[in-house]
Every structure is written in C-alpha cells, then in structure tokens.
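Report on the structure given below.
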Amino acid sequence: MSGHNKWSTIKHKKGKADAIRGRLFTKLIKEITVAARMGGGVEESNPRLRTAVLAAKAANMPNENISRAVKKGTGELEGVSYEDIMYEGYGPEGVAILISVLTDNRNRSVSEVRRTFTKQNAKMAEVGAVSYLFSDKGRIEIDAEGVDEDKLTELILEAGADDLFNQEESFEILTAVESFEEVRKAVETAGYKITGAGMIKHPSNLIHIEGKPARSLLKLIDALEELDDVQNVYSNAEFDDSVMDDEE
C-alpha cells in the first residue's frame with residue numbers, strides 16, 4: 001500500500017476553527033440539499049445523500065440541521081435551488097486545479113472564482129482543459145488512533161478498495177466508484193471511526209512542486225476554499241509537509 005501522499009483535496013489547516021466550522025456546515029448543507037433533490041430523501045436508496053449525511057455526522061452537525069436540509073431538498077420545506085458546476089484552472093508550475101461548486105447564482109460564482117485566480121496570479125481554463133487529468137474515485141477517511149494498519153489494509157482489500165494512505169492522524173482509503181459502498185460498509189461494520197467519505201476527483205499523475213510555487217499554490221487553494229460556493233478544490237500537486245509548516 002502507499003505511504004504518506006497528498007493525493008486528494010488539499011486541506012491546509014490554519015486554525016480559525018469557528019470560521020472553518022461555519023463554512024464546512026454551509027457546504028455540507030448544500031450537498032445534502034442537492035443530493036435529496038436529485039435522488040430523494042431516503043438514504044437507503046440514495047447513495048449520494050447517504051454519503052453527504054455521513055460526512056455531516058462526522059463533522060458533528062446537529063441532526064435537526066441535517067433533517068432540515070433533506071426536507072429543503074425534497075421540497076417539504078422551502079429552499080434554494082443549487083446548481084452543480086465544475087471550474088478548471090492552472091496554478092503555479094502549470095499545476096491542474098478543479099473547483100467543485102454548488103451555487104444558486106452561476107454568474108456570482110464564476111466571478112468570485114476568476115477574481116481569486118487573478119489575485120493569486122493564476123488563471124482559469126476552458127472546460128475540459130485539465131479535467132481529463134482526473135478520474136472519479138471514492139474516498140473514505142478514518143481516525144488513525146488505535147488502528148492497526150495491517151488489519152485495516154487486509155479488511156479494505158478484501159472489500160475491494162484500491163489503496164490506503166497513512167496521513168499520520170488519519171487513514172485515507174481510495175476506491176473505485178462502484179466499490180465505494182461495499183468498502184464503506186465493511187469499514188463501518190468493523191467499528192472504525194469514519195471521519196469523512198465521498199466521491200472525489202483523483203489525479204492520474206502528480207506534479208512535485210516545492211518552495212515559493214508550492215506556497216503560492218497553498219494560498220490559492222486556501223482562497224478558493226474560503227469562497228461560500230466552493231465545495232471542494234482538487235489539484236495534481238504533490239509537495240512536502242514542510243511547505244505547509246512554513247505557512248503556519
């Protein structure tokens with residue numbers, strides 16, 4: 001299995017716990033609402049909703065917030081209609097960037113994303129310019145405390161997972177889309193604490209960057225993730241943790 005590797009969404013934690021928690025709840029509520037609108041409000045028959053609710057519970061979102069978001073999606077409560085959009089761009093050293101957005105105002109979202117790219121000396125790209133460098137994968141994150149890596153590895157491989165990444169405080173499991181639910185159930189049944197789960201855009205190849213370009217990329221991703229409409233930011237960059245430490 002693979003070792004320490006920043007293959008998924010780059011989450012550069014700076015503290016600011018309350019602000020981060022507020023933004024996270026907003027993003028999760030949007031995802032739950034859209035999932036319920038598209039596939040109905042029953043988790044058992046709606047994998048996207050089940051995954052969204054799981055992520056919300058992992059973030060300690062109150063059940064009443066989750067229920068309200070589901071009802072807005074199904075139309076039981078009045079709510080906003082969100083559009084699912086993917087923007088593309090280039091960061092330092094030609095790094096590919098995908099930005100997943102849920103918005104009720106497409107013009108506002110593209111304007112904010114473009115402004116962020118420009119401010120960070122990066123540029124947006126046309127549809128399809130970099131998306132071919134990524135593929136859809138399932139991702140499951142579990143708390144690493146007390147976990148035997150060998151036992152976890154054996155469990156997930158038997159369930160059909162592709163790979164396991166040791167992130168020190170957590171383990172990240174990568175699966176094919178069609179294997180995601182089976183692996184998630186196996187992990188959950190075995191009693192592991194799931195702290196995050198969902199579909200991601202996984203880069204087929206990584207570009208290693210360091211120094212100033214790496215720090216500039218982190219600033220760009222931070223700025224994009226702070227936008228209210230942005231759900232996830234994906235990159236095909238790979239860099240050492242020391243770069244993140246320099247930013248703290």
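Residues in the structure tokens are numbered from 1 in each chain, the chains being A, B, ... in the order shown, and ligands are numbered from 1 in the order shown.
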
Can you pull out the residues contacting Gly128 of chain A? Cut-off 12 Å, using only C-alpha atoms, and skip same-chain residues under 6 positions away; I want them as a PyMOL selection string.
chain A and resi 86-89+96-98+134

DSSP says strand (DSSP E) for which residues of segment 10-167 of chain A? Put them as a ChimeraX atom specification? /A:83-90,96-103,123-125,134-143,163-166

Generate a file of the selected residues that holds N, CA and C atoms, formatted as an mmCIF file, in the first residue's frame.
```cif
data_model
loop_
_atom_site.group_PDB
_atom_site.id
_atom_site.type_symbol
_atom_site.label_atom_id
_atom_site.label_comp_id
_atom_site.auth_asym_id
_atom_site.auth_seq_id
_atom_site.Cartn_x
_atom_site.Cartn_y
_atom_site.Cartn_z
ATOM 1 N N GLU A 83 -27.076 24.727 -8.226
ATOM 2 C CA GLU A 83 -26.549 24.158 -9.462
ATOM 3 C C GLU A 83 -25.151 23.607 -9.196
ATOM 4 N N ASP A 84 -24.894 22.414 -9.723
ATOM 5 C CA ASP A 84 -23.604 21.733 -9.547
ATOM 6 C C ASP A 84 -22.700 22.080 -10.734
ATOM 7 N N ILE A 85 -21.573 22.753 -10.468
ATOM 8 C CA ILE A 85 -20.676 23.205 -11.536
ATOM 9 C C ILE A 85 -19.233 22.837 -11.200
ATOM 10 N N MET A 86 -18.436 22.542 -12.233
ATOM 11 C CA MET A 86 -17.019 22.280 -12.048
ATOM 12 C C MET A 86 -16.225 23.301 -12.870
ATOM 13 N N TYR A 87 -15.369 24.069 -12.198
ATOM 14 C CA TYR A 87 -14.490 25.014 -12.880
ATOM 15 C C TYR A 87 -13.083 24.435 -12.946
ATOM 16 N N GLU A 88 -12.309 24.884 -13.926
ATOM 17 C CA GLU A 88 -10.957 24.368 -14.124
ATOM 18 C C GLU A 88 -9.952 25.504 -14.198
ATOM 19 N N GLY A 89 -8.698 25.206 -13.866
ATOM 20 C CA GLY A 89 -7.699 26.249 -13.912
ATOM 21 C C GLY A 89 -6.290 25.717 -13.786
ATOM 22 N N TYR A 90 -5.334 26.653 -13.865
ATOM 23 C CA TYR A 90 -3.918 26.326 -13.730
ATOM 24 C C TYR A 90 -3.321 27.126 -12.584
ATOM 25 N N ALA A 96 -2.605 21.489 -12.350
ATOM 26 C CA ALA A 96 -4.027 21.447 -12.715
ATOM 27 C C ALA A 96 -4.897 21.581 -11.472
ATOM 28 N N ILE A 97 -5.964 22.371 -11.597
ATOM 29 C CA ILE A 97 -6.865 22.601 -10.472
ATOM 30 C C ILE A 97 -8.310 22.441 -10.932
ATOM 31 N N LEU A 98 -9.084 21.686 -10.154
ATOM 32 C CA LEU A 98 -10.526 21.551 -10.374
ATOM 33 C C LEU A 98 -11.245 22.127 -9.166
ATOM 34 N N ILE A 99 -12.295 22.897 -9.419
ATOM 35 C CA ILE A 99 -13.063 23.507 -8.341
ATOM 36 C C ILE A 99 -14.511 23.064 -8.458
ATOM 37 N N SER A 100 -14.984 22.334 -7.457
ATOM 38 C CA SER A 100 -16.367 21.873 -7.414
ATOM 39 C C SER A 100 -17.217 22.921 -6.696
ATOM 40 N N VAL A 101 -18.299 23.345 -7.359
ATOM 41 C CA VAL A 101 -19.129 24.435 -6.844
ATOM 42 C C VAL A 101 -20.597 24.027 -6.799
ATOM 43 N N LEU A 102 -21.272 24.419 -5.731
ATOM 44 C CA LEU A 102 -22.732 24.334 -5.652
ATOM 45 C C LEU A 102 -23.229 25.750 -5.443
ATOM 46 N N THR A 103 -24.023 26.249 -6.371
ATOM 47 C CA THR A 103 -24.395 27.657 -6.304
ATOM 48 C C THR A 103 -25.829 27.905 -6.751
ATOM 49 N N LYS A 123 -4.639 31.287 -13.362
ATOM 50 C CA LYS A 123 -5.644 31.554 -14.390
ATOM 51 C C LYS A 123 -6.637 30.416 -14.537
ATOM 52 N N MET A 124 -7.862 30.786 -14.869
ATOM 53 C CA MET A 124 -8.892 29.794 -15.143
ATOM 54 C C MET A 124 -8.669 29.209 -16.530
ATOM 55 N N ALA A 125 -9.255 28.031 -16.758
ATOM 56 C CA ALA A 125 -9.096 27.352 -18.037
ATOM 57 C C ALA A 125 -10.455 26.998 -18.608
ATOM 58 N N PHE A 134 -7.965 13.918 -14.242
ATOM 59 C CA PHE A 134 -8.554 13.403 -13.005
ATOM 60 C C PHE A 134 -9.598 12.346 -13.324
ATOM 61 N N SER A 135 -9.823 11.445 -12.386
ATOM 62 C CA SER A 135 -10.881 10.449 -12.535
ATOM 63 C C SER A 135 -11.711 10.405 -11.255
ATOM 64 N N ASP A 136 -12.932 9.910 -11.366
ATOM 65 C CA ASP A 136 -13.817 9.812 -10.202
ATOM 66 C C ASP A 136 -13.409 8.622 -9.335
ATOM 67 N N LYS A 137 -13.270 8.874 -8.043
ATOM 68 C CA LYS A 137 -12.911 7.837 -7.087
ATOM 69 C C LYS A 137 -13.711 8.031 -5.803
ATOM 70 N N GLY A 138 -13.824 6.963 -5.034
ATOM 71 C CA GLY A 138 -14.416 7.065 -3.710
ATOM 72 C C GLY A 138 -13.307 7.261 -2.689
ATOM 73 N N ARG A 139 -13.590 8.037 -1.652
ATOM 74 C CA ARG A 139 -12.598 8.305 -0.607
ATOM 75 C C ARG A 139 -13.263 8.139 0.752
ATOM 76 N N ILE A 140 -12.606 7.394 1.628
ATOM 77 C CA ILE A 140 -13.091 7.198 2.993
ATOM 78 C C ILE A 140 -11.955 7.537 3.946
ATOM 79 N N GLU A 141 -12.221 8.400 4.887
ATOM 80 C CA GLU A 141 -11.213 8.791 5.873
ATOM 81 C C GLU A 141 -11.616 8.253 7.230
ATOM 82 N N ILE A 142 -10.664 7.653 7.936
ATOM 83 C CA ILE A 142 -10.959 7.152 9.276
ATOM 84 C C ILE A 142 -9.910 7.657 10.262
ATOM 85 N N ASP A 143 -10.311 7.779 11.507
ATOM 86 C CA ASP A 143 -9.424 8.208 12.575
ATOM 87 C C ASP A 143 -8.349 7.140 12.777
ATOM 88 N N ASP A 163 -6.526 1.423 -2.606
ATOM 89 C CA ASP A 163 -5.294 1.826 -1.942
ATOM 90 C C ASP A 163 -5.580 2.429 -0.569
ATOM 91 N N LEU A 164 -4.527 2.510 0.242
ATOM 92 C CA LEU A 164 -4.617 3.091 1.579
ATOM 93 C C LEU A 164 -3.467 4.064 1.765
ATOM 94 N N PHE A 165 -3.772 5.243 2.315
ATOM 95 C CA PHE A 165 -2.766 6.269 2.536
ATOM 96 C C PHE A 165 -2.706 6.608 4.019
ATOM 97 N N ASN A 166 -1.525 6.526 4.590
ATOM 98 C CA ASN A 166 -1.318 6.849 6.001
ATOM 99 C C ASN A 166 -1.011 8.329 6.127
#
```

Using only C-alpha atoms, I'd like a table of the residues in segment 103-182 of chain A that come within 12 Å of segment 223-230 of chain A; for each, show the closest atom pair and its distance in Å rounded to one decimal, ordered by chain and ascending number, as a Markdown table.
```
| residue | atom | partner | partner_atom | distance |
| --- | --- | --- | --- | --- |
| A:Thr103 | CA | A:Asp229 | CA | 5.5 |
| A:Asp104 | CA | A:Asp229 | CA | 8.5 |
| A:Asn105 | CA | A:Asp229 | CA | 9.1 |
| A:Arg106 | CA | A:Asp229 | CA | 9.5 |
| A:Asn107 | CA | A:Asp229 | CA | 11.4 |
| A:Arg108 | CA | A:Asp229 | CA | 9.1 |
| A:Ser109 | CA | A:Asp229 | CA | 6.5 |
| A:Val110 | CA | A:Asp229 | CA | 9.7 |
| A:Ser111 | CA | A:Leu227 | CA | 11.1 |
| A:Glu112 | CA | A:Leu227 | CA | 7.5 |
| A:Val113 | CA | A:Leu224 | CA | 6.8 |
| A:Arg114 | CA | A:Leu224 | CA | 9.8 |
| A:Arg115 | CA | A:Leu224 | CA | 9.9 |
| A:Thr116 | CA | A:Leu224 | CA | 6.6 |
| A:Phe117 | CA | A:Leu224 | CA | 8.2 |
| A:Thr118 | CA | A:Ala223 | CA | 11.3 |
| A:Lys119 | CA | A:Ala223 | CA | 9.5 |
| A:Gln120 | CA | A:Ala223 | CA | 8.6 |
| A:Ala122 | CA | A:Leu224 | CA | 11.6 |
```

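Going from atom CA of Ala69 of chain A to atom CA of Arg21 of chain A covers 16.8 Å.
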
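You can rank A:Thr195, A:Ile200, A:Arg215, A:Arg23 by their closest distance to Asn232 of chain A using only C-alpha atoms, and at the top of that list sits A:Ile200.
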
Among segment 7-213 of chain A, which residues does DSSP mark as helix (DSSP H, G or I) when it is run on the backbone? Keep the chain and numbering as in the structure and answer as an NGL selection string. :A and (17-39 or 43-45 or 47-58 or 63-74 or 92-94 or 106-119 or 131-133 or 149-159 or 177-189 or 211-213)

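Near Val147 of chain A, within a cut-off of 10 Å and counting only C-alpha atoms, sit the residues A:Ile142, A:Asp143, A:Lys151, A:Leu152, A:Ser170, A:Phe171, A:Tyr192, A:Lys193, with same-chain residues fewer than 4 positions away left out.
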